[in-house]
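Asker: Got a structure here, written out as structure tokens. Questions coming.
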Amino acid sequence: MAVIADRCPDIKVTVVDLNEERISAWNHHDLSCLPVYEPGLDAVVGRARSRNLHFTTEVNQAIAEADMIFLSVNTPTKTRGVGAGQASDLRWIEASARQVAAAANGHTIVVEKSTLPVRTAEAVKAILAAAQGDTGGSKTFSVLSNPEFLAEGTAIADLESPDRVLIGGEDAAAIEALAAVYGHWVPAERILRTNLWSSELSKLTANAFLAQRISSINAIASLCEATGADVREVARAIGTDSRIGPKFLQAGPGYGGSCFQKDILNLVYLCRHYGLEEAASYWESVVTLNTWQQQRIARLVVNSLFGTVSGKRIAVLGFAFKADTNDTREAPAIRICRDLIEEGAQLAIVDPKVEAGQMARDLEKAPVTPDQARMGIPLGGEGTWTHEASPLEAARGADAVLILTEWKDYRQLDWQALHAVMRRPAWLFDARAVADPVAARASGLNVWRVGEG
Ligand code: UGA
């Protein structure tokens with residue numbers, strides 16, 4: 001919405017949320033305090049805020065004034081009831097649709113921006129149609145699907161120069177009204193129009209294909225490690241085939257983020273719902289492989305450290321699910337750290353953007369202080385974790401450094417200095433293959449890199 005406001009000074013954009021704290025953070029005079037860390041977002045918000053971009057908790061008033069409403073609420077995987085663990089929980093979409101139905105005025109175009117299971121537009125339409133009937137047609141609605149394809153960390157560039165914008169719907173006038181918004185800066189040939197269901201399904205399919213590529217390359221990485229091949233050489237060799245392409249072939253600790261897992265599980269649920277068992281288990285295997293990759297990394301750390309990490313200090317570099325974001329949703333670091341704590345390790349975790357409180361919520365465990373950590377824990381006891389200020393502090397006294405996020409800083413670490421403060425024999429486990437392996441080995445470290453045999 002900030003980018004739309006930035007690119008369309010003639011359009012008034014009002015972002016509403018029920019959460020007062022969050023809205024006031026978006027209105028904070030200091031742009032470094034915005035609630036989401038995303039490179040370049042502060043500049044965009046700085047240009048548009050108070051001009052034609054507004055953040056408010058006056059939800060009903062904003063709905064009443066709007067010609068077009070984007071529903072951008074979250075749709076997490078259901079945790080209970082029918083479809084638990086796979087289907088999306090649509091309660092916030094439904095609540096938003098009901099609020100729009102009650103507060104709207106005249107004709108309103110309602111745009112689904114949240115990633116939704118296929119045929120959700122039908123539910124939204126039914127709620128809005130009921131409101132339309134109740135008022136004898138004094139309020140009318142058109143429903144469009146306009147899924148978002150940006151990736152975190154590169155969101156601003158992805159929005160300013162999208163590969164495509166997808167608009168699904170049946171009402172031609174509404175489709176053209178939304179196309180005209182994007183037409184302010186997106187070339188006409190990149191604005192695709194489809195029916196509602198194709199648009200909704202395209203979003204799930206794009207994420208399923210992307211996640212499948214990561215599970216594919218991670219499966220090959222495990223085989224490279226076993227055979228003596230190098231997954232980066234394999235990726236380069238296959239990526240030059242224009243049918244395959246070079247992007248999204250980086251082996252790692254498994255994909256994270258709020259979308260891939262949820263969207264594939266959603267796809268699996270849909271396939272099962274329609275009786276397509278083979279299609280369902282095909283996509284399910286992408287998730288199975290991803291979970292296995294995370295467990296595999298935790299296991300190989302334990303195996304390399306003489307089969308036990310109990311009482312040993314392990315420096316974990318990176319907690320976010322990818323670089324350039326403070327988002328930790330479904331981050332591979334969560335499962336890997338939990339597994340190591342379970343094994344009795346003392347983790348020393350550092351991340352340039354993730355706060356200790358977030359790590360504690362994700363690990364469901366409070367940190368201990370560095371002093372408590374130095375006193376050690378009884379052998380066989382459950383592990384602990386501390387939040388550290390820098391990789392050097394984290395490495396002090398550690399048996400191993402484990403890199404889980406590809407932050408730029410981790411490409412240029414001084415391995416001599418790190419090795420000097422570690423306990424010998426010391427290990428580097430580089431699950432992102434970002435550190436300089438030559439420098440790390442020259443410092444005396446044992447080095448494991450994902451996908452290197
Ligand atoms: C993903 C999609 O890329 C976006 O197109 C989509 O709009 C978004 O989900 C969404 O549905 O909202 P995002 O999750 O922000 O975007 O980030 P990605 O860059 O796709 O990375 C996802 C995960 O895959 C990260 O954990 C990343 O480290 C991992 N990854 C990515 C790899 O392990 N290897 C790769 O080669 C690429």
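In the structure tokens, the first chain shown is A, the next is B, and so on; residue numbers restart at 1 for each chain, and ligands run from 1 in the order shown.
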Neighbours of ligand 1 within 9 Å, counting only C-alpha atoms and all ligand atoms, as JSON, numbers by chain?
Answerer: {"A": [114, 115, 147, 148, 149, 150, 151, 152, 153, 154, 155, 158, 203, 204, 206, 207, 210, 211, 213, 214, 215, 217, 218, 247, 248, 249, 250, 251, 252, 253, 254, 255, 256, 257, 258, 259, 260, 263, 320, 321, 322, 323, 325, 330, 331, 332, 405, 406, 432]}
Asker: Just asking: which residues within segment 5-172 of chain A are helix (DSSP H, G or I) according to DSSP, as a ChimeraX atom specification?
Answerer: /A:5-7,20-26,31-33,41-48,59-65,91-103,120-134,155-160,172
Asker: Rank nothing, just name the residue among A:Ala219, A:Leu71, A:Ala442, A:Ala188 nearest to Ala95 of chain A, using only C-alpha atoms.
Answerer: A:Leu71
Asker: Please, what distance in Å, to one decimal, runs between atom CA of Val234 of chain A and atom CA of Ser443 of chain A?
Answerer: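 Taking atom CA of Val234 of chain A as the start and atom CA of Ser443 of chain A as the end point, the length is 27.7 Å.
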Asker: Would you please work out which residue, of A:Glu284, A:Glu122, A:Asp171, A:Glu189, is nearest to Gln86 of chain A when using only C-alpha atoms?
Answerer: A:Glu284
Asker: If we count only C-alpha atoms, what is near segment 30-33 of chain A at a cut-off of 8 Å, once residues fewer than 3 positions away on the same chain are taken out, given as a ChimeraX atom specification?
Answerer: /A:25-26,42,45-46
Asker: Grab the residues selected above and save them as a PDB file, in the first residue's frame with all heavy atoms.
Answerer:
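Saved to part27.pdb:
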ATOM      1  N   ALA A  25       2.852   2.652  15.658  1.00  0.00           N
ATOM      2  CA  ALA A  25       4.236   2.396  15.208  1.00  0.00           C
ATOM      3  C   ALA A  25       4.402   2.826  13.746  1.00  0.00           C
ATOM      4  O   ALA A  25       5.442   3.372  13.359  1.00  0.00           O
ATOM      5  CB  ALA A  25       4.586   0.924  15.378  1.00  0.00           C
ATOM      6  N   TRP A  26       3.374   2.585  12.937  1.00  0.00           N
ATOM      7  CA  TRP A  26       3.456   3.028  11.531  1.00  0.00           C
ATOM      8  C   TRP A  26       3.450   4.551  11.417  1.00  0.00           C
ATOM      9  O   TRP A  26       3.918   5.114  10.436  1.00  0.00           O
ATOM     10  CB  TRP A  26       2.303   2.429  10.704  1.00  0.00           C
ATOM     11  CG  TRP A  26       2.522   0.995  10.345  1.00  0.00           C
ATOM     12  CD1 TRP A  26       1.870  -0.088  10.856  1.00  0.00           C
ATOM     13  CD2 TRP A  26       3.468   0.468   9.405  1.00  0.00           C
ATOM     14  NE1 TRP A  26       2.352  -1.248  10.304  1.00  0.00           N
ATOM     15  CE2 TRP A  26       3.336  -0.925   9.415  1.00  0.00           C
ATOM     16  CE3 TRP A  26       4.431   1.059   8.568  1.00  0.00           C
ATOM     17  CZ2 TRP A  26       4.115  -1.769   8.616  1.00  0.00           C
ATOM     18  CZ3 TRP A  26       5.206   0.233   7.770  1.00  0.00           C
ATOM     19  CH2 TRP A  26       5.052  -1.164   7.804  1.00  0.00           C
ATOM     20  N   ASP A  42      11.346   2.434   4.593  1.00  0.00           N
ATOM     21  CA  ASP A  42      11.308   3.695   5.344  1.00  0.00           C
ATOM     22  C   ASP A  42      11.271   4.904   4.403  1.00  0.00           C
ATOM     23  O   ASP A  42      10.516   5.852   4.609  1.00  0.00           O
ATOM     24  CB  ASP A  42      12.491   3.788   6.331  1.00  0.00           C
ATOM     25  CG  ASP A  42      13.832   3.433   5.694  1.00  0.00           C
ATOM     26  OD1 ASP A  42      13.846   3.011   4.518  1.00  0.00           O
ATOM     27  OD2 ASP A  42      14.864   3.579   6.371  1.00  0.00           O
ATOM     28  N   VAL A  45       7.714   5.109   2.806  1.00  0.00           N
ATOM     29  CA  VAL A  45       6.742   5.603   3.787  1.00  0.00           C
ATOM     30  C   VAL A  45       7.012   7.079   4.072  1.00  0.00           C
ATOM     31  O   VAL A  45       6.082   7.899   4.135  1.00  0.00           O
ATOM     32  CB  VAL A  45       6.794   4.753   5.079  1.00  0.00           C
ATOM     33  CG1 VAL A  45       5.951   5.379   6.183  1.00  0.00           C
ATOM     34  CG2 VAL A  45       6.307   3.335   4.799  1.00  0.00           C
ATOM     35  N   GLY A  46       8.286   7.430   4.176  1.00  0.00           N
ATOM     36  CA  GLY A  46       8.657   8.827   4.453  1.00  0.00           C
ATOM     37  C   GLY A  46       8.146   9.778   3.375  1.00  0.00           C
ATOM     38  O   GLY A  46       7.684  10.879   3.677  1.00  0.00           O
TER      39      GLY A  46
END
Asker: I'd like a table as CSV: residues in segment 85-150 of chain A with an atom no more than 7 Å from segment 193-198 of chain A, each row giving the shortest atom pair and its distance in Å to one decimal, only C-alpha atoms counted, sorted by chain and rising residue number.
Answerer:
residue,atom,partner,partner_atom,distance
A:Val118,CA,A:Trp197,CA,6.0
A:Arg119,CA,A:Trp197,CA,6.1
A:Leu144,CA,A:Leu196,CA,6.8
A:Ser145,CA,A:Leu196,CA,6.0
Asker: Please measure the separation of atom CA of Thr240 of chain A and atom CA of Leu223 of chain A, giving the value in Å to one decimal.
Answerer: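 Taking atom CA of Thr240 of chain A and atom CA of Leu223 of chain A, their separation equals 20.6 Å.
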Asker: Set out as a tab-separated table a contact list for segment 363-441 of chain A and segment 338-350 of chain A with a cut-off of 10 Å, giving each residue of segment 363-441 of chain A that qualifies its closest atom pair and distance in Å to one decimal, counting only C-alpha atoms, ordered by chain and rising residue number.
Answerer:
residue	atom	partner	partner_atom	distance
A:Leu363	CA	A:Arg338	CA	6.3
A:Glu364	CA	A:Arg338	CA	9.0
A:Lys365	CA	A:Arg338	CA	9.4
A:Pro367	CA	A:Leu347	CA	9.5
A:Val368	CA	A:Gln346	CA	9.6
A:Pro370	CA	A:Ala348	CA	8.8
A:Ala373	CA	A:Gln346	CA	7.2
A:Arg374	CA	A:Gln346	CA	9.6
A:Gly376	CA	A:Gln346	CA	8.1
A:Ile377	CA	A:Gln346	CA	8.3
A:Pro378	CA	A:Gly344	CA	9.2
A:Leu379	CA	A:Gly344	CA	7.7
A:Gly380	CA	A:Gly344	CA	6.5
A:Gly381	CA	A:Gly344	CA	5.9
A:Glu382	CA	A:Gly344	CA	4.5
A:Gly383	CA	A:Gly344	CA	3.7
A:Thr384	CA	A:Gln346	CA	4.8
A:Trp385	CA	A:Leu347	CA	4.5
A:Thr386	CA	A:Ala348	CA	4.9
A:His387	CA	A:Ile349	CA	5.1
A:Glu388	CA	A:Val350	CA	5.2
A:Ala389	CA	A:Val350	CA	6.3
A:Ser390	CA	A:Val350	CA	6.3
A:Pro391	CA	A:Val350	CA	6.5
A:Leu392	CA	A:Val350	CA	9.8
A:Glu393	CA	A:Ala348	CA	8.4
A:Ala394	CA	A:Ala348	CA	5.1
A:Ala395	CA	A:Ala348	CA	7.6
A:Arg396	CA	A:Ala348	CA	9.2
A:Ala398	CA	A:Ala348	CA	8.4
A:Ala400	CA	A:Leu347	CA	9.9
A:Val401	CA	A:Ala348	CA	9.3
A:Leu402	CA	A:Ile349	CA	9.5
A:Ile403	CA	A:Val350	CA	10.0
Asker: Just write the chosen residues, N, CA, C and O atoms, as a compact mmCIF listing (two decimals), in the first residue's frame.
Answerer:
# COMPACT_ATOMS: atom_id res chain seq x y z
N LEU A 363 11.17 -20.08 20.37
CA LEU A 363 11.76 -21.27 20.98
C LEU A 363 10.93 -21.76 22.17
O LEU A 363 11.21 -22.82 22.73
N GLU A 364 9.94 -20.94 22.55
CA GLU A 364 9.10 -21.23 23.71
C GLU A 364 9.96 -21.50 24.94
O GLU A 364 9.76 -22.45 25.69
N LYS A 365 10.96 -20.64 25.08
CA LYS A 365 11.91 -20.84 26.18
C LYS A 365 12.62 -19.50 26.43
O LYS A 365 13.09 -18.87 25.46
N PRO A 367 15.64 -17.00 27.58
CA PRO A 367 17.09 -17.16 27.55
C PRO A 367 17.67 -17.15 28.97
O PRO A 367 17.01 -16.68 29.89
N VAL A 368 18.88 -17.67 29.11
CA VAL A 368 19.60 -17.49 30.38
C VAL A 368 20.57 -16.33 30.16
O VAL A 368 20.81 -15.91 29.03
N PRO A 370 24.32 -14.50 30.10
CA PRO A 370 25.66 -15.03 29.78
C PRO A 370 26.36 -15.60 31.01
O PRO A 370 27.07 -16.61 30.92
N ALA A 373 25.06 -18.98 31.69
CA ALA A 373 25.56 -19.89 30.66
C ALA A 373 26.98 -20.32 30.98
O ALA A 373 27.35 -21.47 30.80
N ARG A 374 27.79 -19.37 31.49
CA ARG A 374 29.19 -19.70 31.80
C ARG A 374 29.30 -20.72 32.91
O ARG A 374 30.21 -21.53 32.97
N GLY A 376 27.49 -23.18 33.22
CA GLY A 376 27.27 -24.50 32.63
C GLY A 376 26.01 -25.16 33.16
O GLY A 376 25.38 -24.68 34.11
N ILE A 377 25.63 -26.27 32.55
CA ILE A 377 24.44 -27.01 32.99
C ILE A 377 24.84 -28.45 33.24
O ILE A 377 25.79 -28.94 32.64
N PRO A 378 24.12 -29.11 34.11
CA PRO A 378 24.50 -30.48 34.40
C PRO A 378 24.41 -31.36 33.15
O PRO A 378 23.48 -31.19 32.36
N LEU A 379 25.33 -32.28 32.98
CA LEU A 379 25.31 -33.17 31.82
C LEU A 379 23.98 -33.93 31.79
O LEU A 379 23.47 -34.34 32.81
N GLY A 380 23.44 -34.09 30.60
CA GLY A 380 22.18 -34.81 30.47
C GLY A 380 20.98 -33.91 30.63
O GLY A 380 19.86 -34.28 30.29
N GLY A 381 21.18 -32.68 31.18
CA GLY A 381 20.06 -31.76 31.35
C GLY A 381 19.66 -31.12 30.03
O GLY A 381 20.37 -31.24 29.04
N GLU A 382 18.50 -30.44 30.06
CA GLU A 382 18.07 -29.78 28.82
C GLU A 382 18.96 -28.58 28.55
O GLU A 382 19.55 -28.00 29.47
N GLY A 383 19.08 -28.23 27.31
CA GLY A 383 19.97 -27.14 26.93
C GLY A 383 19.40 -25.78 27.28
O GLY A 383 18.30 -25.66 27.80
N THR A 384 20.19 -24.75 26.97
CA THR A 384 19.79 -23.36 27.25
C THR A 384 20.14 -22.52 26.03
O THR A 384 20.79 -23.01 25.10
N TRP A 385 19.74 -21.25 26.07
CA TRP A 385 20.22 -20.33 25.03
C TRP A 385 20.44 -18.94 25.58
O TRP A 385 19.79 -18.54 26.55
N THR A 386 21.39 -18.26 25.02
CA THR A 386 21.64 -16.85 25.36
C THR A 386 21.54 -16.04 24.09
O THR A 386 21.73 -16.56 22.99
N HIS A 387 21.21 -14.76 24.26
CA HIS A 387 21.19 -13.85 23.12
C HIS A 387 22.50 -13.07 23.15
O HIS A 387 22.85 -12.49 24.17
N GLU A 388 23.23 -13.07 22.05
CA GLU A 388 24.55 -12.45 22.04
C GLU A 388 24.57 -11.24 21.11
O GLU A 388 23.77 -11.14 20.18
N ALA A 389 25.53 -10.35 21.37
CA ALA A 389 25.56 -9.09 20.62
C ALA A 389 26.30 -9.20 19.30
O ALA A 389 26.04 -8.43 18.37
N SER A 390 27.22 -10.14 19.19
CA SER A 390 28.02 -10.20 17.96
C SER A 390 28.48 -11.64 17.73
O SER A 390 28.52 -12.45 18.67
N PRO A 391 28.84 -11.97 16.49
CA PRO A 391 29.36 -13.32 16.23
C PRO A 391 30.57 -13.65 17.10
O PRO A 391 30.70 -14.78 17.59
N LEU A 392 31.42 -12.66 17.37
CA LEU A 392 32.61 -12.92 18.18
C LEU A 392 32.21 -13.30 19.60
O LEU A 392 32.74 -14.27 20.18
N GLU A 393 31.26 -12.55 20.19
CA GLU A 393 30.79 -12.88 21.54
C GLU A 393 30.16 -14.29 21.56
O GLU A 393 30.34 -15.06 22.48
N ALA A 394 29.38 -14.58 20.50
CA ALA A 394 28.70 -15.88 20.44
C ALA A 394 29.73 -17.01 20.35
O ALA A 394 29.55 -18.09 20.93
N ALA A 395 30.81 -16.78 19.62
CA ALA A 395 31.81 -17.83 19.39
C ALA A 395 32.70 -18.09 20.59
O ALA A 395 33.33 -19.15 20.69
N ARG A 396 32.73 -17.13 21.54
CA ARG A 396 33.64 -17.26 22.68
C ARG A 396 33.36 -18.55 23.46
O ARG A 396 32.27 -18.75 23.97
N ALA A 398 32.92 -21.46 22.28
CA ALA A 398 32.04 -22.41 21.58
C ALA A 398 32.84 -23.52 20.91
O ALA A 398 33.99 -23.34 20.52
N ALA A 400 31.41 -24.94 18.23
CA ALA A 400 31.01 -24.84 16.83
C ALA A 400 30.29 -23.53 16.56
O ALA A 400 29.67 -22.95 17.45
N VAL A 401 30.41 -23.08 15.30
CA VAL A 401 29.61 -21.96 14.79
C VAL A 401 28.69 -22.55 13.74
O VAL A 401 29.14 -23.32 12.88
N LEU A 402 27.40 -22.22 13.83
CA LEU A 402 26.42 -22.74 12.89
C LEU A 402 25.74 -21.55 12.20
O LEU A 402 25.08 -20.74 12.86
N ILE A 403 25.91 -21.42 10.87
CA ILE A 403 25.31 -20.29 10.15
C ILE A 403 23.97 -20.73 9.57
O ILE A 403 23.91 -21.67 8.78
Asker: Using only C-alpha atoms, which residue out of A:Val59, A:Ala226, A:Val82, A:Ala417 lies closest to Tyr269 of chain A?
Answerer: A:Val82
Asker: Rounded to one decimal, what separation in Å do you get between atom CA of Ala131 of chain A and atom CA of Ala102 of chain A?
Answerer: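 We find that atom CA of Ala131 of chain A and atom CA of Ala102 of chain A lie 7.0 Å from each other.
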